[in-house]
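Q: The structure file work26.txt (compact mmCIF, C-alpha atoms) is provided below.
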```
# COMPACT_ATOMS: atom_id res chain seq x y z
CA MET A 24 130.56 43.78 55.77
CA PRO A 25 133.22 41.04 56.08
CA GLU A 26 133.57 38.59 53.21
CA LEU A 27 131.93 35.18 53.43
CA ALA A 28 134.49 32.55 54.40
CA TYR A 29 134.34 28.74 54.09
CA ARG A 30 136.25 26.69 56.66
CA ALA A 31 136.39 23.55 58.77
CA VAL A 32 134.86 23.42 62.23
CA THR A 33 137.43 24.01 64.95
CA PRO A 34 137.87 21.40 67.72
CA ASP A 35 136.62 23.75 70.44
CA GLU A 36 133.75 25.33 68.49
CA PRO A 37 130.36 24.75 70.18
CA ILE A 38 128.56 22.29 67.94
CA GLU A 39 125.22 23.74 69.05
CA LEU A 40 125.93 26.91 67.06
CA ILE A 41 126.20 24.83 63.89
CA ALA A 42 123.47 22.30 64.72
CA ARG A 43 121.00 25.19 64.95
CA LEU A 44 121.05 25.53 61.16
CA PRO A 45 119.87 22.02 60.11
CA ALA A 46 117.46 22.00 63.06
CA LEU A 47 115.78 25.09 61.63
CA ALA A 48 116.04 23.87 58.03
CA PHE A 49 114.72 20.33 58.53
CA GLY A 50 112.38 20.84 61.48
CA VAL A 51 114.21 18.73 64.08
CA GLU A 52 115.12 19.43 67.69
CA ASN A 53 118.39 21.26 68.34
CA ASP A 54 119.80 18.56 70.62
CA LYS A 55 119.10 15.82 68.05
CA SER A 56 120.78 17.89 65.35
CA ALA A 57 123.81 18.44 67.60
CA GLU A 58 124.02 14.71 68.39
CA TRP A 59 123.81 13.87 64.67
CA PHE A 60 126.70 16.21 63.81
CA GLU A 61 128.87 15.23 66.77
CA GLN A 62 128.32 11.49 66.99
CA ARG A 63 127.38 10.42 63.47
CA VAL A 64 128.77 12.85 60.91
CA GLY A 65 131.74 13.86 63.09
CA ARG A 66 132.85 17.46 63.45
CA GLU A 67 135.93 16.70 61.34
CA ASN A 68 133.54 16.21 58.41
CA VAL A 69 131.58 19.45 58.92
CA ARG A 70 132.28 22.71 57.11
CA VAL A 71 130.76 26.13 57.74
CA ALA A 72 130.24 29.39 55.88
CA VAL A 73 130.90 32.34 58.18
CA ARG A 74 130.79 36.10 57.95
CA GLY A 75 132.76 37.63 60.76
CA GLU A 76 131.63 35.81 63.92
CA ASP A 77 128.33 34.65 62.44
CA ILE A 78 127.88 31.06 61.21
CA LEU A 79 125.52 31.39 58.25
CA GLY A 80 125.73 27.97 56.60
CA CYS A 81 126.93 24.41 57.13
CA VAL A 82 127.57 21.27 55.10
CA GLY A 83 128.64 17.72 56.01
CA ARG A 84 130.86 15.54 53.82
CA VAL A 85 131.09 11.84 54.71
CA PRO A 86 133.51 9.42 52.99
CA MET A 87 131.95 6.40 51.27
CA GLY A 88 132.26 4.63 47.92
CA LEU A 89 130.16 4.02 44.82
CA TYR A 90 130.08 0.70 42.96
CA LEU A 91 130.17 1.29 39.21
CA GLY A 92 130.89 -1.45 36.72
CA GLY A 93 131.76 -3.86 39.55
CA ARG A 94 134.44 -1.61 41.04
CA GLU A 95 134.46 0.81 43.95
CA VAL A 96 135.02 4.50 43.20
CA ALA A 97 135.86 6.70 46.19
CA GLN A 98 133.43 9.52 46.88
CA LEU A 99 132.21 11.97 49.48
CA GLY A 100 128.52 12.00 50.33
CA VAL A 101 127.28 15.55 50.93
CA LEU A 102 124.56 16.01 53.54
CA GLY A 103 123.11 18.41 56.09
CA VAL A 104 123.36 21.46 53.84
CA ALA A 105 121.61 24.33 55.62
CA VAL A 106 121.60 28.13 55.75
CA ALA A 107 120.38 30.29 58.63
CA PRO A 108 116.92 31.75 57.98
CA GLU A 109 118.26 35.27 58.41
CA ALA A 110 120.86 34.67 55.67
CA ARG A 111 118.76 32.99 52.99
CA GLY A 112 118.55 34.62 49.59
CA MET A 113 122.07 36.06 49.91
CA GLY A 114 123.89 33.41 47.86
CA VAL A 115 125.42 31.73 50.92
CA ALA A 116 124.55 28.18 49.84
CA ARG A 117 125.88 28.66 46.29
CA ARG A 118 129.18 30.08 47.53
CA MET A 119 129.48 27.38 50.20
CA MET A 120 128.82 24.53 47.75
CA ALA A 121 131.28 25.94 45.20
CA ASP A 122 133.98 26.09 47.88
CA CYS A 123 133.04 22.60 49.09
CA VAL A 124 133.41 21.18 45.56
CA ARG A 125 136.85 22.79 45.15
CA GLU A 126 137.96 21.45 48.54
CA MET A 127 136.77 17.90 47.78
CA HIS A 128 138.69 18.01 44.50
CA ALA A 129 141.81 19.26 46.28
CA ASP A 130 141.42 16.41 48.80
CA GLY A 131 141.70 13.90 45.95
CA TYR A 132 138.17 12.51 45.75
CA PRO A 133 136.97 11.51 42.26
CA LEU A 134 133.23 11.83 43.01
CA SER A 135 130.64 13.38 45.28
CA ALA A 136 126.99 12.34 45.60
CA LEU A 137 123.97 13.80 47.37
CA TYR A 138 120.20 13.81 47.64
CA SER A 139 118.87 17.19 46.58
CA ALA A 140 116.28 19.42 48.18
CA MET A 141 116.98 22.10 45.57
CA HIS A 142 118.29 21.09 42.15
CA PRO A 143 119.19 24.63 40.98
CA LEU A 144 121.59 25.03 43.92
CA TYR A 145 123.47 21.79 43.31
CA ARG A 146 123.43 22.13 39.54
CA SER A 147 125.19 25.47 40.00
CA ALA A 148 127.99 23.48 41.67
CA GLY A 149 128.18 20.91 38.85
CA TYR A 150 125.95 18.13 40.21
CA GLU A 151 123.39 16.35 38.03
CA THR A 152 120.80 13.61 38.50
CA ALA A 153 122.65 10.32 38.02
CA GLY A 154 120.52 7.54 39.54
CA LEU A 155 117.31 6.54 41.30
CA LEU A 156 115.99 5.32 44.65
CA LEU A 157 113.14 2.81 44.16
CA ASP A 158 110.69 1.57 46.81
CA ALA A 159 108.74 -1.67 46.47
CA THR A 160 105.64 -2.64 48.44
CA ILE A 161 105.16 -6.42 48.50
CA PRO A 162 102.17 -8.32 49.92
CA ALA A 163 103.81 -10.66 52.42
CA GLY A 164 101.42 -13.46 51.56
CA MET A 165 102.48 -13.33 47.90
CA ILE A 166 106.03 -14.45 48.68
CA GLU A 167 106.51 -18.11 47.83
CA PRO A 168 109.01 -19.62 50.26
CA VAL A 169 111.79 -21.62 48.65
CA GLY A 170 113.98 -22.09 51.68
CA PRO A 171 112.95 -22.87 55.27
CA ARG A 172 111.32 -20.09 57.27
CA MET A 173 113.21 -20.63 60.53
CA GLY A 174 114.40 -23.58 62.59
CA ASP A 175 117.58 -25.63 62.56
CA ASP A 176 117.69 -26.09 58.79
CA SER A 177 117.61 -22.37 57.96
CA GLY A 178 120.60 -21.17 59.95
CA TRP A 179 118.68 -18.00 60.94
CA ARG A 180 119.46 -16.31 64.24
CA GLU A 181 119.39 -12.82 65.68
CA VAL A 182 122.28 -10.48 64.86
CA THR A 183 124.88 -9.64 67.50
CA GLU A 184 127.55 -6.95 67.53
CA ALA A 185 130.19 -9.57 66.71
CA ASP A 186 128.37 -10.39 63.44
CA LEU A 187 128.73 -6.93 61.89
CA PRO A 188 131.98 -7.58 59.95
CA ALA A 189 130.51 -10.77 58.43
CA ILE A 190 127.33 -8.90 57.52
CA GLY A 191 129.46 -6.23 55.85
CA ALA A 192 131.19 -8.91 53.78
CA CYS A 193 127.82 -10.36 52.74
CA TYR A 194 126.61 -6.92 51.68
CA ALA A 195 129.77 -6.22 49.66
CA ALA A 196 129.38 -9.50 47.76
CA TYR A 197 125.75 -8.62 47.04
CA ALA A 198 126.22 -4.93 46.19
CA ARG A 199 129.44 -4.84 44.16
CA PRO A 200 127.88 -6.13 40.91
CA ILE A 201 124.88 -3.76 41.20
CA HIS A 202 125.45 -0.50 39.36
CA GLY A 203 125.17 2.56 41.64
CA MET A 204 125.13 0.88 45.06
CA LEU A 205 127.09 2.42 47.92
CA ALA A 206 130.28 0.97 49.33
CA ARG A 207 129.16 1.64 52.88
CA THR A 208 130.99 3.19 55.78
CA GLU A 209 129.89 3.25 59.42
CA TYR A 210 127.68 6.30 58.90
CA ILE A 211 125.45 4.32 56.52
CA TRP A 212 125.49 1.13 58.58
CA ARG A 213 124.38 3.02 61.66
CA ARG A 214 121.40 4.45 59.75
CA ILE A 215 120.42 0.86 58.92
CA ARG A 216 120.82 -0.53 62.43
CA GLU A 217 119.24 2.47 64.17
CA SER A 218 116.44 3.33 61.80
CA ARG A 219 114.28 6.42 62.20
CA TYR A 220 111.27 4.19 61.46
CA GLY A 221 111.39 2.59 64.92
CA LEU A 222 112.94 -0.35 66.77
CA THR A 223 115.16 -2.21 64.31
CA ARG A 224 115.58 -5.98 64.49
CA GLY A 225 118.31 -7.89 62.70
CA PHE A 226 118.51 -11.57 61.72
CA LEU A 227 121.06 -13.46 59.66
CA SER A 228 121.41 -16.81 57.95
CA GLU A 229 124.61 -18.88 58.13
CA ASP A 230 125.52 -21.66 55.74
CA PRO A 231 126.81 -25.02 57.03
CA ALA A 232 130.35 -23.60 57.12
CA GLY A 233 129.25 -20.73 59.36
CA VAL A 234 129.46 -18.04 56.65
CA VAL A 235 126.76 -15.36 56.63
CA ASP A 236 124.91 -15.82 53.33
CA ALA A 237 121.88 -13.59 54.02
CA TYR A 238 120.63 -11.05 56.53
CA CYS A 239 117.67 -8.77 57.12
CA PHE A 240 117.23 -5.64 59.25
CA TYR A 241 113.61 -4.55 59.63
CA VAL A 242 111.12 -2.51 61.61
CA GLN A 243 107.71 -4.06 62.24
CA ALA A 244 104.94 -1.56 62.87
CA ALA A 245 102.69 -1.97 65.89
CA TRP A 246 99.38 -3.77 65.44
CA SER A 247 96.60 -1.40 64.39
CA GLU A 248 92.89 -1.99 64.85
CA THR A 249 91.97 0.89 62.53
CA ASP A 250 94.63 0.57 59.82
CA ARG A 251 94.52 -3.07 58.80
CA ARG A 252 96.53 -4.11 55.79
CA LEU A 253 95.11 -6.33 53.08
CA GLY A 254 95.93 -9.99 53.38
CA THR A 255 96.26 -10.19 57.14
CA SER A 256 94.01 -10.17 60.18
CA ALA A 257 96.37 -7.92 62.12
CA GLY A 258 97.27 -4.99 59.94
CA SER A 259 100.97 -4.60 60.64
CA GLU A 260 103.47 -3.20 58.15
CA MET A 261 107.11 -4.25 57.86
CA LYS A 262 109.82 -1.88 56.69
CA ILE A 263 113.07 -3.57 55.63
CA THR A 264 115.90 -1.16 56.33
CA ASP A 265 118.37 -3.51 54.64
CA ALA A 266 118.54 -7.05 53.28
CA ALA A 267 121.15 -8.84 51.21
CA TRP A 268 122.37 -12.30 50.24
CA SER A 269 125.58 -13.74 48.85
CA SER A 270 124.45 -17.13 47.49
CA PRO A 271 121.40 -18.91 46.05
CA ARG A 272 120.96 -20.62 49.40
CA GLY A 273 120.97 -17.29 51.19
CA PHE A 274 118.40 -15.85 48.79
CA ALA A 275 116.12 -18.86 49.20
CA ASN A 276 116.42 -18.59 52.97
CA LEU A 277 115.57 -14.87 52.84
CA LEU A 278 112.35 -15.62 50.93
CA GLY A 279 111.40 -18.17 53.57
CA PHE A 280 112.24 -15.74 56.38
CA LEU A 281 110.04 -13.00 54.90
CA ARG A 282 107.16 -15.38 54.17
CA GLY A 283 107.17 -16.31 57.83
CA PHE A 284 105.76 -12.87 58.69
CA ALA A 285 102.67 -13.23 56.51
CA SER A 286 100.33 -14.06 59.40
CA MET A 287 100.95 -10.67 61.04
CA VAL A 288 102.35 -8.49 58.25
CA GLY A 289 100.22 -7.41 55.32
CA GLU A 290 102.77 -5.33 53.40
CA ILE A 291 106.54 -5.35 53.26
CA ARG A 292 108.25 -2.14 52.13
CA VAL A 293 111.79 -2.44 50.83
CA THR A 294 114.13 -0.30 48.73
CA VAL A 295 115.38 -2.27 45.73
CA PRO A 296 117.56 -1.83 42.65
CA PRO A 297 115.91 -2.25 39.23
CA GLY A 298 115.40 -5.89 38.31
CA SER A 299 115.76 -7.05 41.91
CA PRO A 300 115.50 -10.85 42.31
CA LEU A 301 113.11 -10.16 45.19
CA LEU A 302 110.58 -8.87 42.65
CA LEU A 303 111.39 -11.45 40.00
CA ALA A 304 110.71 -14.21 42.54
CA LEU A 305 107.12 -13.08 43.08
CA PRO A 306 104.46 -15.18 41.31
CA ASP A 307 102.47 -12.15 40.15
CA ARG A 308 102.94 -8.47 39.33
CA ARG A 309 100.59 -7.22 42.04
CA TYR A 310 103.20 -5.32 43.98
CA GLY A 311 103.91 -1.59 44.13
CA LEU A 312 107.02 0.05 42.73
CA ARG A 313 107.70 3.78 42.82
CA VAL A 314 110.58 6.21 42.48
CA ARG A 315 110.99 7.66 45.96
CA ASP A 316 113.87 9.94 45.02
CA SER A 317 116.78 10.51 42.69
CA TRP A 318 120.39 11.18 43.61
CA MET A 319 122.87 13.59 42.10
CA LEU A 320 126.55 13.15 41.25
CA ARG A 321 129.45 15.56 40.85
CA VAL A 322 132.59 14.43 39.03
CA LEU A 323 135.43 16.03 40.97
CA ASP A 324 138.36 14.47 39.12
CA VAL A 325 137.61 13.34 35.57
CA SER A 326 140.72 11.20 35.13
CA ALA A 327 140.46 9.39 38.48
CA ALA A 328 136.73 8.86 38.12
CA LEU A 329 137.19 7.26 34.71
CA GLU A 330 140.08 5.04 35.77
CA GLN A 331 138.55 3.79 39.04
CA ARG A 332 135.19 2.55 37.70
CA GLY A 333 134.68 -0.70 35.81
CA TYR A 334 133.57 -1.23 32.20
CA PRO A 335 131.91 -4.03 30.21
CA ALA A 336 134.05 -7.15 30.11
CA GLY A 337 135.45 -7.89 26.68
CA LEU A 338 134.89 -4.35 25.40
CA THR A 339 137.73 -2.65 23.52
CA ALA A 340 137.06 0.98 22.59
CA GLU A 341 138.54 4.45 22.26
CA LEU A 342 136.58 7.57 23.08
CA THR A 343 137.48 11.26 23.24
CA LEU A 344 135.69 13.49 25.73
CA GLU A 345 135.78 17.28 25.72
CA ILE A 346 134.51 18.54 29.05
CA GLU A 347 133.80 22.04 30.35
CA ASP A 348 133.95 22.66 34.09
CA ASP A 349 133.56 26.20 35.41
CA LEU A 350 134.62 25.36 38.98
CA ILE A 351 137.48 22.88 38.52
CA GLU A 352 139.78 23.98 35.72
CA ALA A 353 141.77 20.74 35.81
CA ASN A 354 138.70 18.84 34.56
CA SER A 355 138.23 20.99 31.48
CA GLY A 356 139.64 20.03 28.12
CA ARG A 357 140.05 16.88 26.05
CA TRP A 358 140.48 13.38 27.45
CA LEU A 359 141.27 10.20 25.53
CA LEU A 360 139.83 6.98 26.98
CA ARG A 361 141.18 3.58 26.03
CA VAL A 362 138.89 0.86 27.38
CA ARG A 363 140.02 -2.74 27.42
CA ASP A 364 139.03 -5.81 29.47
CA GLY A 365 136.99 -3.89 32.02
CA SER A 366 139.58 -1.17 32.68
CA CYS A 367 140.24 2.30 31.32
CA GLU A 368 143.44 4.21 30.61
CA VAL A 369 143.03 8.00 30.46
CA THR A 370 145.36 10.55 28.90
CA ARG A 371 145.07 14.15 27.75
CA GLY A 372 144.25 14.81 24.09
CA GLY A 373 142.30 12.62 21.71
CA ARG A 374 140.74 12.54 18.29
CA ASP A 375 138.75 15.24 16.51
CA GLU A 376 135.53 13.25 16.89
CA ALA A 377 134.80 14.03 20.54
CA LEU A 378 131.79 13.94 22.82
CA ARG A 379 131.55 17.56 24.02
CA CYS A 380 129.58 18.36 27.16
CA GLY A 381 129.55 20.15 30.48
CA VAL A 382 130.57 18.43 33.69
CA ARG A 383 126.90 18.09 34.71
CA GLU A 384 125.96 16.17 31.57
CA PHE A 385 129.07 14.07 31.98
CA ALA A 386 127.95 13.00 35.48
CA ALA A 387 124.67 11.62 34.09
CA ILE A 388 126.48 9.86 31.24
CA TYR A 389 129.25 8.54 33.51
CA THR A 390 126.86 6.45 35.65
CA GLY A 391 124.77 5.34 32.67
CA HIS A 392 121.70 7.21 33.91
CA ALA A 393 121.42 9.23 30.69
CA LYS A 394 122.26 8.06 27.17
CA PRO A 395 124.57 10.29 25.09
CA ALA A 396 122.36 9.96 22.02
CA ALA A 397 119.31 11.13 23.99
CA LEU A 398 121.17 14.12 25.42
CA ARG A 399 122.45 15.00 21.97
CA GLY A 400 118.88 14.99 20.72
CA VAL A 401 118.01 17.87 23.06
CA GLY A 402 121.24 19.79 22.58
CA ARG A 403 122.87 18.89 25.91
CA VAL A 404 125.90 17.22 24.27
CA ALA A 405 127.54 17.53 20.86
CA CYS A 406 128.98 14.59 18.91
CA ASP A 407 128.52 12.56 15.75
CA ASP A 408 126.48 9.35 15.51
CA ARG A 409 129.39 6.98 15.97
CA THR A 410 130.78 8.82 19.01
CA ALA A 411 127.35 8.78 20.66
CA GLU A 412 127.07 5.04 20.03
CA VAL A 413 130.56 4.31 21.39
CA ALA A 414 129.97 6.46 24.48
CA GLY A 415 126.65 4.73 25.10
CA THR A 416 128.39 1.34 24.98
CA VAL A 417 131.29 2.42 27.21
CA PHE A 418 129.08 3.89 29.94
CA GLY A 419 125.97 1.79 29.34
CA GLY A 420 124.51 -1.01 31.40
CA SER A 421 121.74 -1.22 33.97
CA GLN A 422 120.04 1.85 35.41
CA PRO A 423 122.13 3.02 38.41
CA ALA A 424 120.26 2.85 41.71
CA MET A 425 121.11 3.03 45.39
CA VAL A 426 119.16 1.51 48.26
CA ASP A 427 120.56 3.96 50.85
CA MET A 428 119.80 7.57 51.66
CA PHE A 429 122.27 9.74 53.54
```
What is this structure when it is put down as structure tokens?
A:
Amino acid sequence: MPELAYRAVTPDEPIELIARLPALAFGVENDKSAEWFEQRVGRENVRVAVRGEDILGCVGRVPMGLYLGGREVAQLGVLGVAVAPEARGMGVARRMMADCVREMHADGYPLSALYSAMHPLYRSAGYETAGLLLDATIPAGMIEPVGPRMGDDSGWREVTEADLPAIGACYAAYARPIHGMLARTEYIWRRIRESRYGLTRGFLSEDPAGVVDAYCFYVQAAWSETDRRLGTSAGSEMKITDAAWSSPRGFANLLGFLRGFASMVGEIRVTVPPGSPLLLALPDRRYGLRVRDSWMLRVLDVSAALEQRGYPAGLTAELTLEIEDDLIEANSGRWLLRVRDGSCEVTRGGRDEALRCGVREFAAIYTGHAKPAALRGVGRVACDDRTAEVAGTVFGGSQPAMVDMF
């Protein structure tokens, strides 16, 4: 039989042949899968695994960024990984993901992130859990309005197409300081504006100078006679697909905006980072918070990944890493980090006292999701006490969390 080959999709290749695979894998209609690949992911971002004339697997890779330590690190989000039912169990996905990782490294990307349906597959390609996705359920009537709900004083109005760049700027100001948030591209923004949950509405708040200082995209469920929510006579649920603010005024206005739905909405569901001010502003702890998912990270270029992210301000430290990477030889070996004033200089070499780990463990340490001392305690990394403490300080901080799936 011909060897399995990994390649880009050609310009004239029928997208339906490829869209068949995620349609079968994820239980969606073929035409919707084809539209998703063609109009959202873009065929230039799709790769396939083929044997002869048969397309056996596919994977999408969409450019986006990751905010770490207040700085944006370039990355490729991996999505739509699927294998034809007749080819499963043959190692197609493992081979395809290994080739995809090598290609992303060759293309110069420092990182790749994904949401996993099968951890063993992605761990075989060097990915590891590196952050969380948290969902909060808030009783609308519990929100205490600080700013006005609507009206002339609030500056709230419905979003138009012309507002999208200003909304993007508001989001960037909000998200950049939050560890693990995405630096969004159009693929993510379209998921927010055209939610799978239903008809999405968007409203924004402008300050007196006309600058967008808060916005909210949401889906409000239809009124239900049989599924009433506590705290309301109607029983509607509100799903926030995205909300952000860039000033205290904007945050206060957002609280007022959300409180204005309390007569018809019993519960508001929103994805939040840990320690979100939305939760801290509530007068009581009677809200729900759960881990909906976790996301995985693959470090594609150790040096670039270390130099592009930010570090604690005022910290001066040296740390030697010794990393093993079975797929990307250039990542393996010793690296000396010199951290100073929020930046990092990386060179080859280093001291004898190194933190030694595989590229998977490094991914979890790199985002701050896992502490080096804890991993050492279960034999996942090797180092002395001082090196573990220094590494924990260099990569420490708040728990990394996204609010987007892709």
Q: Do you know which residues are at most 12 Å from Gly131 of chain A counting only C-alpha atoms, after dropping those on the same chain fewer than 5 positions away, and could you put them as a PDB file with C-alpha atoms, in the coordinates of the input?
A:
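Result file follows (selection.pdb):
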```pdb
ATOM      1  CA  PRO A  86     133.510   9.420  52.990  1.00  0.00           C
ATOM      2  CA  VAL A  96     135.020   4.500  43.200  1.00  0.00           C
ATOM      3  CA  ALA A  97     135.860   6.700  46.190  1.00  0.00           C
ATOM      4  CA  GLN A  98     133.430   9.520  46.880  1.00  0.00           C
ATOM      5  CA  LEU A  99     132.210  11.970  49.480  1.00  0.00           C
ATOM      6  CA  VAL A 124     133.410  21.180  45.560  1.00  0.00           C
ATOM      7  CA  ARG A 125     136.850  22.790  45.150  1.00  0.00           C
ATOM      8  CA  GLU A 126     137.960  21.450  48.540  1.00  0.00           C
ATOM      9  CA  VAL A 322     132.590  14.430  39.030  1.00  0.00           C
ATOM     10  CA  LEU A 323     135.430  16.030  40.970  1.00  0.00           C
ATOM     11  CA  ASP A 324     138.360  14.470  39.120  1.00  0.00           C
ATOM     12  CA  VAL A 325     137.610  13.340  35.570  1.00  0.00           C
ATOM     13  CA  SER A 326     140.720  11.200  35.130  1.00  0.00           C
ATOM     14  CA  ALA A 327     140.460   9.390  38.480  1.00  0.00           C
ATOM     15  CA  ALA A 328     136.730   8.860  38.120  1.00  0.00           C
TER      16      ALA A 328
END
```
Q: Rank nothing, just name the residue among A:Ile351, A:Val426, A:Ala148, A:Ile291 nearest to Ser259 of chain A, using only C-alpha atoms.
A: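 When distances to Ser259 of chain A are compared using only C-alpha atoms, the smallest one comes from A:Ile291.
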Q: Of the candidates A:Gly100, A:Gly80, A:Pro34, A:Gly373, which one gets nearest to Ala206 of chain A if we count only C-alpha atoms?
A: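 The answer is A:Gly100, which sits nearest to Ala206 of chain A.
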Q: Could you jot down the atom CA of Leu137 of chain A to atom CA of Cys123 of chain A separation for me, Å, one decimal place?
A: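 If I compute the distance from atom CA of Leu137 of chain A to atom CA of Cys123 of chain A, I get 12.8 Å.
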Q: Identify which of the residues A:Leu47, A:Ala28, A:Leu102, A:Leu378 lies closest to Val64 of chain A, counting all atoms listed in the file when measuring atom-to-atom distances.
A: A:Leu102
Q: With only C-alpha atoms as the atoms that count, which of A:Asp375, A:Glu209, A:Glu151, A:Glu368 lies nearest to Leu320 of chain A?
A: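 Selected residue with least distance to Leu320 of chain A: A:Glu151.
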Q: Using all atoms listed in the file, which of the listed residues (A:Pro271, A:Gly420, A:Pro162, A:Gly311) sits closest to Pro200 of chain A?
A: A:Gly420
Q: Determine, counting all atoms listed in the file, every residue of protein, DNA or RNA that lies within 6 Å of (133.2, -2.9, 34.1) in the file coordinates, then give the result as a PyMOL selection string.
A: chain A and resi 92-93+333-336+365
Q: Considering all atoms listed in the file, state which residue in the set A:Leu134, A:Met165, A:Leu277, A:Leu27 is at the smallest distance from Ala153 of chain A.
A: A:Leu134
Q: Have a look at atom CA of Val106 of chain A and atom CA of Val69 of chain A and let me know their distance in Å, one decimal.
A: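 One can read the atom CA of Val106 of chain A to atom CA of Val69 of chain A distance as 13.6 Å.
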Q: What does the distance between atom CA of Val115 of chain A and atom CA of Glu61 of chain A come to in Å, to one decimal place?
A: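 Atom-to-atom, atom CA of Val115 of chain A and atom CA of Glu61 of chain A are spaced 23.1 Å apart.
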